[in-house]
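Colleague: Next comes input-v4.txt, compact mmCIF, C-alpha atoms:
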```
# COMPACT_ATOMS: atom_id res chain seq x y z
CA MET A 435 127.30 96.05 97.22
CA LYS A 436 127.88 96.88 93.55
CA LYS A 437 125.01 95.31 91.60
CA ILE A 438 121.44 94.93 92.86
CA LEU A 439 118.33 93.51 91.19
CA ILE A 440 114.76 94.09 92.41
CA ILE A 441 112.06 91.77 91.02
CA GLN A 442 108.39 92.77 90.91
CA THR A 443 106.50 91.51 87.87
CA ALA A 444 102.97 92.09 89.20
CA SER A 445 100.53 94.92 88.42
CA ILE A 446 101.08 98.67 88.35
CA GLY A 447 100.05 99.25 91.95
CA ASP A 448 102.36 96.52 93.26
CA VAL A 449 105.23 97.94 91.24
CA ILE A 450 104.68 101.43 92.64
CA LEU A 451 104.63 100.03 96.18
CA ALA A 452 108.07 98.53 95.51
CA THR A 453 109.64 101.94 94.90
CA PRO A 454 110.52 102.63 98.58
CA ILE A 455 113.09 99.85 98.22
CA ILE A 456 114.76 101.76 95.38
CA GLU A 457 114.87 104.90 97.52
CA LYS A 458 116.31 103.13 100.56
CA LEU A 459 118.93 101.17 98.64
CA TYR A 460 120.11 104.31 96.86
CA LEU A 461 120.35 106.10 100.19
CA PHE A 462 122.57 103.39 101.68
CA TYR A 463 124.43 102.27 98.56
CA PRO A 464 124.61 105.32 96.28
CA ALA A 465 127.39 103.83 94.14
CA ALA A 466 125.53 100.59 93.44
CA GLU A 467 123.88 99.84 90.10
CA ILE A 468 120.21 99.18 90.90
CA ASP A 469 118.22 97.29 88.25
CA PHE A 470 114.48 96.58 88.27
CA LEU A 471 112.81 93.56 86.64
CA LEU A 472 109.19 94.26 85.61
CA LYS A 473 106.58 92.72 83.39
CA LYS A 474 105.91 94.28 80.00
CA GLY A 475 103.61 97.30 80.24
CA THR A 476 104.86 98.85 83.47
CA SER A 477 108.38 99.97 82.58
CA SER A 478 107.29 103.47 81.46
CA LEU A 479 106.69 104.28 85.14
CA PHE A 480 110.46 104.60 85.43
CA SER A 481 111.36 106.65 82.37
CA GLY A 482 114.13 108.97 83.46
CA HIS A 483 114.19 107.59 87.02
CA PRO A 484 117.23 109.12 88.75
CA PHE A 485 118.20 106.11 90.88
CA LEU A 486 117.79 103.17 88.49
CA HIS A 487 120.59 101.86 86.32
CA GLU A 488 118.60 99.56 84.02
CA ILE A 489 115.08 98.22 83.52
CA LEU A 490 114.67 94.55 82.64
CA VAL A 491 111.36 93.58 81.06
CA TRP A 492 109.75 90.15 81.09
CA ASP A 493 107.17 89.75 78.33
CA LYS A 494 104.76 87.17 79.74
CA SER A 495 102.18 87.48 76.99
CA ASN A 496 104.29 86.37 74.02
CA GLY A 497 106.86 83.60 74.41
CA LYS A 498 106.71 83.65 78.21
CA TYR A 499 109.05 80.71 78.86
CA LYS A 500 111.50 81.55 76.12
CA ASN A 501 111.73 85.09 77.45
CA PHE A 502 112.18 83.69 80.95
CA LEU A 503 115.24 81.72 79.87
CA THR A 504 116.67 84.77 78.11
CA LEU A 505 116.21 86.80 81.28
CA LEU A 506 117.84 84.12 83.42
CA GLN A 507 120.87 84.04 81.15
CA ARG A 508 121.15 87.84 81.29
CA ILE A 509 120.86 87.84 85.08
CA LEU A 510 123.55 85.18 85.39
CA LEU A 511 125.93 87.17 83.18
CA THR A 512 125.37 90.36 85.22
CA LYS A 513 126.53 88.64 88.44
CA TYR A 514 124.39 90.51 90.95
CA ASP A 515 125.53 90.83 94.54
CA LEU A 516 121.95 91.11 95.78
CA VAL A 517 118.58 89.99 94.37
CA ILE A 518 115.37 91.09 96.12
CA ASN A 519 112.25 89.23 95.00
CA LEU A 520 108.96 90.88 95.96
CA GLN A 521 106.92 88.33 94.04
CA ARG A 522 105.43 85.30 95.75
CA PHE A 523 105.24 83.03 92.72
CA PHE A 524 107.10 80.06 91.26
CA MET A 525 108.87 81.57 88.22
CA THR A 526 110.43 84.56 89.96
CA GLY A 527 111.52 82.22 92.73
CA LEU A 528 113.43 80.23 90.14
CA LEU A 529 115.04 83.41 88.80
CA THR A 530 116.13 84.35 92.29
CA VAL A 531 117.56 80.97 93.25
CA PHE A 532 119.49 80.52 90.01
CA SER A 533 120.61 84.16 89.75
CA GLY A 534 123.99 83.39 91.24
CA ALA A 535 123.65 86.35 93.61
CA VAL A 536 125.57 86.30 96.88
CA ILE A 537 122.48 87.46 98.80
CA THR A 538 118.91 86.54 97.84
CA ILE A 539 115.94 87.92 99.77
CA GLY A 540 112.26 87.17 99.34
CA PHE A 541 108.95 86.63 101.09
CA ASP A 542 108.34 83.31 102.82
CA LYS A 543 105.25 82.73 100.64
CA ASN A 544 107.42 82.17 97.57
CA PRO A 545 107.63 78.40 96.95
CA PHE A 546 111.42 78.69 96.52
CA SER A 547 111.97 80.82 99.62
CA PHE A 548 113.68 77.96 101.47
CA PHE A 549 116.60 78.43 99.10
CA PHE A 550 116.84 82.21 99.62
CA THR A 551 119.55 83.65 101.81
CA ARG A 552 116.88 85.49 103.81
CA ARG A 553 113.15 84.77 104.08
CA ILE A 554 110.85 87.57 105.22
CA LYS A 555 107.40 86.90 106.63
CA HIS A 556 104.57 88.42 104.61
CA GLN A 557 101.41 88.87 106.68
CA ILE A 558 98.26 90.67 105.56
CA GLY A 559 96.15 92.42 108.19
CA ASN A 560 98.83 93.01 110.81
CA GLY A 561 98.53 96.80 110.65
CA LEU A 562 101.42 97.26 108.26
CA HIS A 563 101.19 98.92 104.87
CA GLU A 564 102.50 96.95 101.90
CA ALA A 565 105.25 99.53 101.49
CA GLU A 566 106.36 98.73 105.05
CA ARG A 567 106.24 95.01 104.36
CA ASN A 568 108.42 95.57 101.30
CA LEU A 569 110.94 97.67 103.21
CA ALA A 570 111.23 94.92 105.82
CA MET A 571 113.00 92.96 103.10
CA ILE A 572 116.07 95.15 103.37
CA SER A 573 115.97 96.36 106.97
CA SER A 574 118.92 94.11 107.88
CA ILE A 575 121.15 95.77 105.28
CA THR A 576 119.79 99.32 105.67
CA ASP A 577 117.61 100.40 108.62
CA GLU A 578 114.00 100.24 109.77
CA SER A 579 112.95 103.78 108.81
CA PHE A 580 109.99 104.30 106.49
CA LEU A 581 110.13 105.86 103.05
CA PRO A 582 106.98 106.38 100.95
CA PRO A 583 106.50 105.25 97.34
CA ARG A 584 108.00 107.71 94.90
CA LEU A 585 107.92 108.27 91.14
CA TYR A 586 109.64 111.00 89.15
CA PRO A 587 107.73 112.66 86.30
CA THR A 588 110.25 114.32 84.02
CA ALA A 589 110.33 117.94 82.91
CA GLU A 590 108.91 116.74 79.59
CA ASN A 591 106.02 115.00 81.40
CA GLU A 592 105.27 118.20 83.30
CA LYS A 593 105.38 120.28 80.13
CA SER A 594 102.99 117.97 78.27
CA VAL A 595 100.23 118.48 80.87
CA GLN A 596 100.91 122.11 81.72
CA ARG A 597 98.02 123.36 79.57
CA TRP A 598 95.54 121.66 81.91
CA LYS A 599 97.14 122.71 85.20
CA LYS A 600 95.35 126.02 85.65
CA GLY A 601 93.58 127.15 88.78
CA ARG A 602 91.56 124.70 90.85
CA TYR A 603 90.90 121.41 89.07
CA TYR A 604 90.04 117.81 89.90
CA THR A 605 90.77 114.38 88.47
CA LEU A 606 88.53 111.31 88.51
CA SER A 607 89.90 107.82 87.81
CA PRO A 608 86.69 105.78 87.73
CA ALA A 609 87.89 102.41 86.44
CA SER A 610 89.36 99.31 88.04
CA LEU A 611 90.46 95.93 86.71
CA TRP A 612 87.96 94.35 89.11
CA PHE A 613 84.22 95.04 89.17
CA THR A 614 83.95 94.80 92.95
CA LYS A 615 86.66 97.41 93.42
CA GLN A 616 84.98 99.91 91.11
CA TYR A 617 82.56 102.53 92.37
CA PRO A 618 79.48 102.32 90.08
CA GLU A 619 79.23 104.53 87.01
CA ILE A 620 76.06 106.20 88.23
CA LYS A 621 77.84 107.20 91.44
CA TRP A 622 80.81 108.66 89.58
CA THR A 623 78.42 110.65 87.43
CA GLU A 624 76.69 112.00 90.52
CA LEU A 625 80.02 113.03 92.01
CA LEU A 626 81.01 114.78 88.79
CA ASP A 627 77.72 116.68 88.77
CA ARG A 628 78.43 117.98 92.28
CA ILE A 629 81.77 119.52 91.38
CA PRO A 630 81.48 123.30 90.79
CA SER A 631 81.14 123.99 87.06
CA ASP A 632 83.93 126.58 87.10
CA ALA A 633 86.45 123.89 88.12
CA PRO A 634 87.84 121.74 85.31
CA VAL A 635 87.61 117.97 85.81
CA TYR A 636 89.85 115.48 84.02
CA LEU A 637 88.88 111.83 83.62
CA LEU A 638 91.96 109.61 83.78
CA GLY A 639 92.62 105.99 82.88
CA SER A 640 93.98 103.71 80.19
CA ALA A 641 92.59 103.30 76.69
CA ALA A 642 90.60 100.32 78.00
CA ASP A 643 88.83 102.71 80.39
CA THR A 644 87.69 105.11 77.66
CA PRO A 645 84.20 103.59 77.17
CA LEU A 646 83.46 104.04 80.89
CA CYS A 647 84.86 107.59 80.94
CA TYR A 648 82.93 108.49 77.78
CA SER A 649 79.70 107.19 79.30
CA ILE A 650 80.21 109.18 82.50
CA LEU A 651 81.01 112.30 80.50
CA LYS A 652 77.86 111.95 78.38
CA ARG A 653 75.59 111.32 81.36
CA SER A 654 76.96 114.20 83.41
CA THR A 655 75.68 117.77 83.47
CA HIS A 656 79.15 119.12 84.34
CA GLN A 657 80.16 121.29 81.41
CA ASN A 658 83.86 121.61 82.16
CA THR A 659 85.03 118.00 81.92
CA ILE A 660 87.69 116.57 79.60
CA ASP A 661 88.21 112.85 79.01
CA LEU A 662 91.97 112.17 79.01
CA SER A 663 91.73 108.39 79.33
CA GLY A 664 94.17 106.66 77.01
CA LYS A 665 95.82 109.96 76.12
CA LEU A 666 98.43 110.28 78.89
CA THR A 667 101.32 108.12 80.03
CA PHE A 668 101.55 106.99 83.65
CA LEU A 669 104.01 109.75 84.49
CA GLU A 670 101.98 112.39 82.66
CA SER A 671 98.92 111.37 84.67
CA ALA A 672 100.99 111.61 87.85
CA ALA A 673 102.24 115.05 86.86
CA LEU A 674 98.63 116.20 86.31
CA MET A 675 97.52 114.70 89.63
CA LYS A 676 100.23 116.63 91.46
CA GLY A 677 98.53 119.97 90.90
CA ALA A 678 94.92 118.87 91.44
CA ARG A 679 92.76 120.16 94.27
CA MET A 680 91.73 116.52 94.72
CA ASN A 681 92.14 113.21 92.90
CA PHE A 682 89.31 110.71 93.31
CA THR A 683 90.16 107.04 92.72
CA ASN A 684 89.08 103.51 93.47
CA ASP A 685 91.31 101.13 95.42
CA SER A 686 93.37 100.75 92.26
CA ALA A 687 96.53 101.81 90.43
CA PRO A 688 95.68 105.56 90.14
CA MET A 689 95.49 105.73 93.95
CA HIS A 690 99.09 104.53 94.17
CA LEU A 691 100.10 106.80 91.29
CA ALA A 692 98.81 109.81 93.26
CA SER A 693 100.58 108.66 96.42
CA ALA A 694 103.85 108.27 94.54
CA VAL A 695 103.95 112.03 93.77
CA ASN A 696 102.39 112.99 97.13
CA ALA A 697 99.27 114.30 95.39
CA PRO A 698 96.02 114.76 97.32
CA VAL A 699 93.85 111.67 96.96
CA THR A 700 90.48 110.38 98.07
CA ALA A 701 90.31 106.61 97.65
CA ILE A 702 87.02 104.72 97.46
CA PHE A 703 87.10 101.24 98.98
CA CYS A 704 84.20 99.02 97.94
CA SER A 705 84.75 95.26 98.42
CA THR A 706 88.26 95.61 99.86
CA THR A 707 89.32 97.37 103.05
CA PRO A 708 92.37 99.46 104.03
CA ASP A 709 93.15 96.83 106.70
CA PHE A 710 94.90 94.85 103.97
CA GLY A 711 97.60 97.53 103.89
CA PHE A 712 97.19 98.96 100.39
CA GLY A 713 95.72 102.38 101.15
CA PRO A 714 96.95 105.81 99.98
CA ILE A 715 100.03 107.34 101.63
CA SER A 716 99.91 110.97 100.45
CA ASP A 717 100.10 113.64 103.14
CA ASP A 718 96.60 114.73 102.08
CA SER A 719 94.81 111.41 101.71
CA SER A 720 91.47 110.02 102.77
CA ILE A 721 89.68 106.69 102.54
CA VAL A 722 85.93 106.59 101.93
CA GLU A 723 83.98 103.38 102.51
CA THR A 724 80.46 102.29 103.29
CA GLN A 725 79.09 103.00 106.76
CA GLU A 726 76.87 99.94 106.52
CA LYS A 727 77.99 96.85 108.47
CA LEU A 728 78.31 94.06 105.94
CA THR A 729 79.24 90.53 107.01
CA CYS A 730 80.43 89.80 103.46
CA ARG A 731 82.99 92.61 103.42
CA PRO A 732 85.81 92.24 102.63
CA CYS A 733 85.02 89.41 100.23
CA GLY A 734 88.63 88.97 99.13
CA LEU A 735 92.09 90.49 98.97
CA HIS A 736 91.85 91.69 95.38
CA GLY A 737 88.43 91.73 93.75
CA TYR A 738 85.94 89.80 91.66
CA ARG A 739 84.30 90.08 88.25
CA LYS A 740 80.94 90.31 90.01
CA CYS A 741 79.61 90.61 93.54
CA PRO A 742 79.63 87.13 95.16
CA GLU A 743 76.41 88.05 97.01
CA SER A 744 74.78 89.66 93.93
CA HIS A 745 73.85 92.88 95.78
CA PHE A 746 77.09 94.96 95.69
CA ARG A 747 76.02 96.80 98.83
CA CYS A 748 79.64 97.71 99.66
CA ALA A 749 79.51 100.17 96.74
CA LEU A 750 75.85 101.01 96.35
CA SER A 751 75.43 101.93 100.03
CA LEU A 752 78.35 104.39 99.90
CA PRO A 753 76.79 107.86 99.47
CA VAL A 754 78.37 110.42 97.15
CA SER A 755 77.95 113.00 99.92
CA LEU A 756 80.95 111.45 101.71
CA LEU A 757 83.07 112.17 98.63
CA GLN A 758 81.61 115.64 98.22
CA GLN A 759 83.12 116.57 101.59
CA ARG A 760 86.57 116.22 99.97
CA LEU A 761 85.93 118.72 97.15
```
Produce structure tokens that represent the structure in this file.

Modeller:
Amino acid sequence: MKKILIIQTASIGDVILATPIIEKLYLFYPAAEIDFLLKKGTSSLFSGHPFLHEILVWDKSNGKYKNFLTLLQRILLTKYDLVINLQRFFMTGLLTVFSGAVITIGFDKNPFSFFFTRRIKHQIGNGLHEAERNLAMISSITDESFLPPRLYPTAENEKSVQRWKKGRYYTLSPASLWFTKQYPEIKWTELLDRIPSDAPVYLLGSAADTPLCYSILKRSTHQNTIDLSGKLTFLESAALMKGARMNFTNDSAPMHLASAVNAPVTAIFCSTTPDFGFGPISDDSSIVETQEKLTCRPCGLHGYRKCPESHFRCALSLPVSLLQQRL
């Protein structure tokens, strides 16, 4: 096995949950060149990664189909021995089938999976974590042992956040792409107010999350809070999370970012549940969810722009006191 390509062009969290495959393949095939195909916007997660040979980027937002053909040509010229497709969608199935690879592996939910060398069953709710489901892809060419997600902040990443890593501190990542996955702003503010004032708190997120973070900061009475949303890279955020007393997140990308550096994390699950297999994996991790029995929960695998039942009880009935226990 000389050349290997992993394909995962979904969101940040899905990409992070693919990293155990990198770890396992490197362990069994240390001389192989391992490449990773990602969508534009996630490649910085792997800056300086010690086990990856090359990052391929598919820009889906500008010239999607033209870029697809360029990628396919590049993949054909590379002549991979193995292509592992973690995506369950049409276009990546095409890339896999026409890659020319000797071995092609993918989930059975991909519409082109009948043409793969090996089809792996993907089943939600069977007690397995998504990282385990991903590793099942390569168990026949490695082994069945588990490896957690892993990212590698560089020395430069660590240095850039060192000024904030002093004493006991906390991070809050209050945003989510989906409304029904996001703990309400008023609840985040209440949690922030309950953190001892002598402990610094850092608000994390992308530039798109800055309005939410700014609003929480302005509403809060906590006097030792700094809004770092939009100011740090993924790996810088991970480096900062590593030294925190606790990192509070939604069921969203920052939860997986914390897990990938084995940072302590408390994950808030609103409309989704950990039964789907996407919970935190850090040694010091905890899941907090409503104690109220709701027939509408979970309402979906991912999330919605608004509560389908218009009451959002899965979030509003979750008391901040449950989070306070993790301070």

Colleague: Give me the range 580-661 of chain A side of the contact with range 734-741 of chain A, cut-off 6 Å, one line per residue showing its nearest atom pair and distance in Å at one decimal, counting only C-alpha atoms, sorted by chain and residue number, as a tab-separated table.

Modeller:
```
residue	atom	partner	partner_atom	distance
A:Trp612	CA	A:Gly737	CA	5.3
A:Phe613	CA	A:Arg739	CA	5.0
A:Thr614	CA	A:Gly737	CA	5.5
A:Lys615	CA	A:Gly737	CA	6.0
```

Colleague: Compile the contact shell of range 686-694 of chain A as a count of residues only: residues with an atom at most 9 Å away, counting only C-alpha atoms, same-chain residues fewer than 3 positions apart removed.

Modeller: 43

Colleague: Once you count all atoms listed in the file, which residues end up no further than 8 Å from (115.3, 91.8, 94.6) in the file's frame, shown as a PyMOL selection string?

Modeller: chain A and resi 438-442+470+516-520+530+538-540

Colleague: List the spatial neighbours of Gly475 in chain A as a ChimeraX atom specification - criterion: any atom at most 9 Å away, only C-alpha atoms, same-chain residues fewer than 3 positions off excluded.

Modeller: /A:446,472,478,491,493

Colleague: Do you have the CA of Lys437 in chain A-CA of Ala466 in chain A distance handy?

Modeller: 5.6 Å

Colleague: Rounded to one decimal place, report the CA of Phe462 in chain A-CA of Met571 in chain A distance in Å.

Modeller: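 Interatomic distance, CA of Phe462 in chain A to CA of Met571 in chain A: 14.2 Å.
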
Colleague: Provide the CA of Ile455 in chain A to CA of Ser574 in chain A distance in Å, to one decimal place.

Modeller: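 Going from CA of Ile455 in chain A over to CA of Ser574 in chain A covers 12.7 Å.
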
Colleague: Considering all atoms listed in the file, can you say which of A:Val635, A:Leu728, A:Cys748, A:Ile456 comes closest to Cys647 in chain A?

Modeller: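 Of all the options, A:Val635 lies closest to Cys647 in chain A.
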
Colleague: Pick out the residues sitting within 7 Å of Ser663 in chain A, and hand them over as a ChimeraX atom specification; count all atoms listed in the file, and ignore anything fewer than 3 positions along from it in its own chain.

Modeller: /A:637-641,643-644,666

Colleague: Please determine, counting only C-alpha atoms, which residue among A:Ser649, A:Ser751, A:Ile702, A:Tyr603 has the shortest atom-to-atom distance to Pro630 in chain A.

Modeller: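 Checking each of A:Ser649, A:Ser751, A:Ile702, A:Tyr603 against Pro630 in chain A, counting only C-alpha atoms, the winner is A:Tyr603.
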
Colleague: Hey, which of A:Ser533, A:Thr724, A:Ser495, A:Asn544 ends up closest to Lys513 in chain A? Count only C-alpha atoms.

Modeller: A:Ser533

Colleague: Which residue gives the smallest distance to Val695 in chain A among A:Leu651, A:Ala633, A:Leu486, A:Leu479, with only C-alpha atoms counted?

Modeller: A:Leu479

Colleague: Do a neighbour search on range 487-489 of chain A at 6 Å with only C-alpha atoms, toss out local chain neighbours closer than 5 positions, and write the hits as a ChimeraX atom specification.

Modeller: /A:467-470

Colleague: Here is a test: counting all atoms listed in the file, which residue of A:Gln507, A:His563, A:Asn496, A:Ala678 is nearest to Pro708 in chain A?

Modeller: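 Between A:Gln507, A:His563, A:Asn496, A:Ala678, the residue approaching Pro708 in chain A most closely is A:His563.
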
Colleague: Give me the box for range 736-743 of chain A as JSON, namely the centre and edge lengths in Å to one decimal of a box along x, y and z that holds every listed atom plus 3 Å on each side.

Modeller:
```
{"center_x": 84.1, "center_y": 89.4, "center_z": 92.6, "size_x": 21.4, "size_y": 10.6, "size_z": 14.8}
```
